[in-house]
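A.B. asks: Mind looking over this structure? Questions follow.
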Amino acid sequence: MPTTERLESFIAAVEGGAHAKAIEDYYTEDATMRENQAEPRRGRSTLVAQETTVLERTESVVSTCVRPVLVNGDHVAIHWIFEFTFKGGGRMRMEEIAWQRWEGERIAEEQFFYDPAQRKPG
């Protein structure tokens with residue numbers, strides 16, 4: 001179960017724009033990440049590489065945690081809003097729920113729930 005301080009530190013890292021670094025610092029080595037019902041991506045290095053690939057296509061990402069964050073033992077639910085500005089000028093707003101299972105102070109499993117129609121840059 002994450003401490004309040006550790007969870008708040010994770011949220012601050014994401015809101016501060018350190019998305020790939022947050023994966024390095026807050027996920028287990030064998031962590032999984034899953035989009036809706038898709039096959040999970042496995043392994044922290046894979047997750048960092050995927051995040052880096054996404055970020056390379058952006059000019060900026062504004063990340064906002066919508067409170068409250070729900071915690072029940074090792075499970076955490078975070079409501080996120082991400083506003084992407086892509087290189088070349090496209091924009092996209094994503095609103096999602098991240099459902100996480102923590103092992104101690106690190107995230108072992110994460111699944112995102114969102115409407116896939118949001119993934120179309122405007």
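Just so we're on the same page: first chain in the structure tokens is A, next is B, and so on; residues restart at 1 for each chain, and ligands are numbered from 1 in the order they show up.
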Going by DSSP on the backbone, which residues of segment 8-113 of chain A come out as helix (DSSP H, G or I)? List them as an MDAnalysis selection string.

C.D. replies: chainID A and resid 8:15 19:26 44:56

A.B. asks: I need the residues in chain A that are strand (DSSP E) according to DSSP; give them as a PyMOL selection string.

C.D. replies: chain A and resi 27-35+41-42+58-72+75-86+91-103+106-113

A.B. asks: Save out the residues we just selected, C-alpha atoms, as a tab-separated table (two decimals), in the first residue's frame.

C.D. replies:
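Produced file result-v3.tsv, reproduced below:
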```tsv
chain	number	residue	atom	x	y	z
A	27	TYR	CA	6.60	1.32	-11.15
A	28	THR	CA	7.90	-2.15	-10.37
A	29	GLU	CA	10.41	-3.70	-12.77
A	30	ASP	CA	7.79	-6.16	-14.05
A	31	ALA	CA	4.85	-3.70	-14.03
A	32	THR	CA	2.01	-3.97	-16.52
A	33	MET	CA	0.01	-1.19	-18.14
A	34	ARG	CA	-3.19	-1.73	-20.08
A	35	GLU	CA	-5.44	0.49	-22.23
A	41	ARG	CA	2.29	-3.97	-22.01
A	42	ARG	CA	4.79	-5.66	-19.70
A	58	THR	CA	4.13	16.23	-28.55
A	59	GLU	CA	5.00	19.86	-28.03
A	60	SER	CA	3.43	19.75	-24.58
A	61	VAL	CA	1.22	17.74	-22.27
A	62	VAL	CA	-0.74	19.32	-19.43
A	63	SER	CA	-1.68	16.66	-16.88
A	64	THR	CA	-4.28	17.28	-14.17
A	65	CYS	CA	-5.32	14.98	-11.35
A	66	VAL	CA	-9.02	15.47	-10.59
A	67	ARG	CA	-9.54	14.98	-6.87
A	68	PRO	CA	-10.38	13.02	-4.84
A	69	VAL	CA	-7.94	10.16	-5.38
A	70	LEU	CA	-9.50	6.94	-4.14
A	71	VAL	CA	-7.35	4.54	-2.11
A	72	ASN	CA	-8.37	1.18	-0.70
A	75	HIS	CA	-5.68	-0.24	-4.97
A	76	VAL	CA	-5.74	3.36	-6.16
A	77	ALA	CA	-8.08	5.08	-8.64
A	78	ILE	CA	-6.97	8.39	-10.16
A	79	HIS	CA	-9.10	10.55	-12.47
A	80	TRP	CA	-6.75	12.22	-14.98
A	81	ILE	CA	-7.20	14.84	-17.66
A	82	PHE	CA	-4.41	15.08	-20.23
A	83	GLU	CA	-4.27	17.90	-22.76
A	84	PHE	CA	-1.86	17.15	-25.59
A	85	THR	CA	-0.48	19.63	-28.09
A	86	PHE	CA	1.20	17.72	-30.87
A	91	ARG	CA	-4.56	18.96	-30.00
A	92	MET	CA	-6.23	16.20	-28.00
A	93	ARG	CA	-7.94	16.08	-24.61
A	94	MET	CA	-8.04	12.71	-22.84
A	95	GLU	CA	-10.04	12.05	-19.69
A	96	GLU	CA	-9.49	8.69	-18.03
A	97	ILE	CA	-9.52	6.69	-14.85
A	98	ALA	CA	-6.29	4.94	-13.94
A	99	TRP	CA	-6.91	1.84	-11.81
A	100	GLN	CA	-3.68	0.85	-10.08
A	101	ARG	CA	-2.49	-1.99	-7.89
A	102	TRP	CA	0.50	-1.05	-5.79
A	103	GLU	CA	3.06	-3.39	-4.25
A	106	ARG	CA	5.48	1.00	-6.45
A	107	ILE	CA	2.77	0.44	-9.04
A	108	ALA	CA	2.63	-3.18	-10.21
A	109	GLU	CA	-0.45	-3.04	-12.44
A	110	GLU	CA	-2.29	-0.18	-14.08
A	111	GLN	CA	-5.33	-0.18	-16.33
A	112	PHE	CA	-6.76	2.89	-18.01
A	113	PHE	CA	-10.48	3.30	-18.65
```

A.B. asks: When you look at segment 48-55 of chain A with a cut-off of 7 Å (counting only C-alpha atoms), what residues show up, excluding the ones that are within fewer than 2 positions of it in the same chain? I need them as a list in words.

C.D. replies: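 Skipping anything fewer than 2 positions along the chain leaves Ala20, Ile23, Glu24, Arg44, Ser45, Thr46, Arg57 and Thr58 of chain A.
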
A.B. asks: Could you list, as number ranges by chain, every residue within 7 Å of Pro2 of chain A, counting only C-alpha atoms and ignoring same-chain residues fewer than 2 positions away?

C.D. replies: A: 4, 6-7, 74, 102, 104-105

A.B. asks: Quick one: distance from atom CA of Glu56 of chain A to atom CA of His19 of chain A in Å, one decimal?

C.D. replies: 11.8 Å
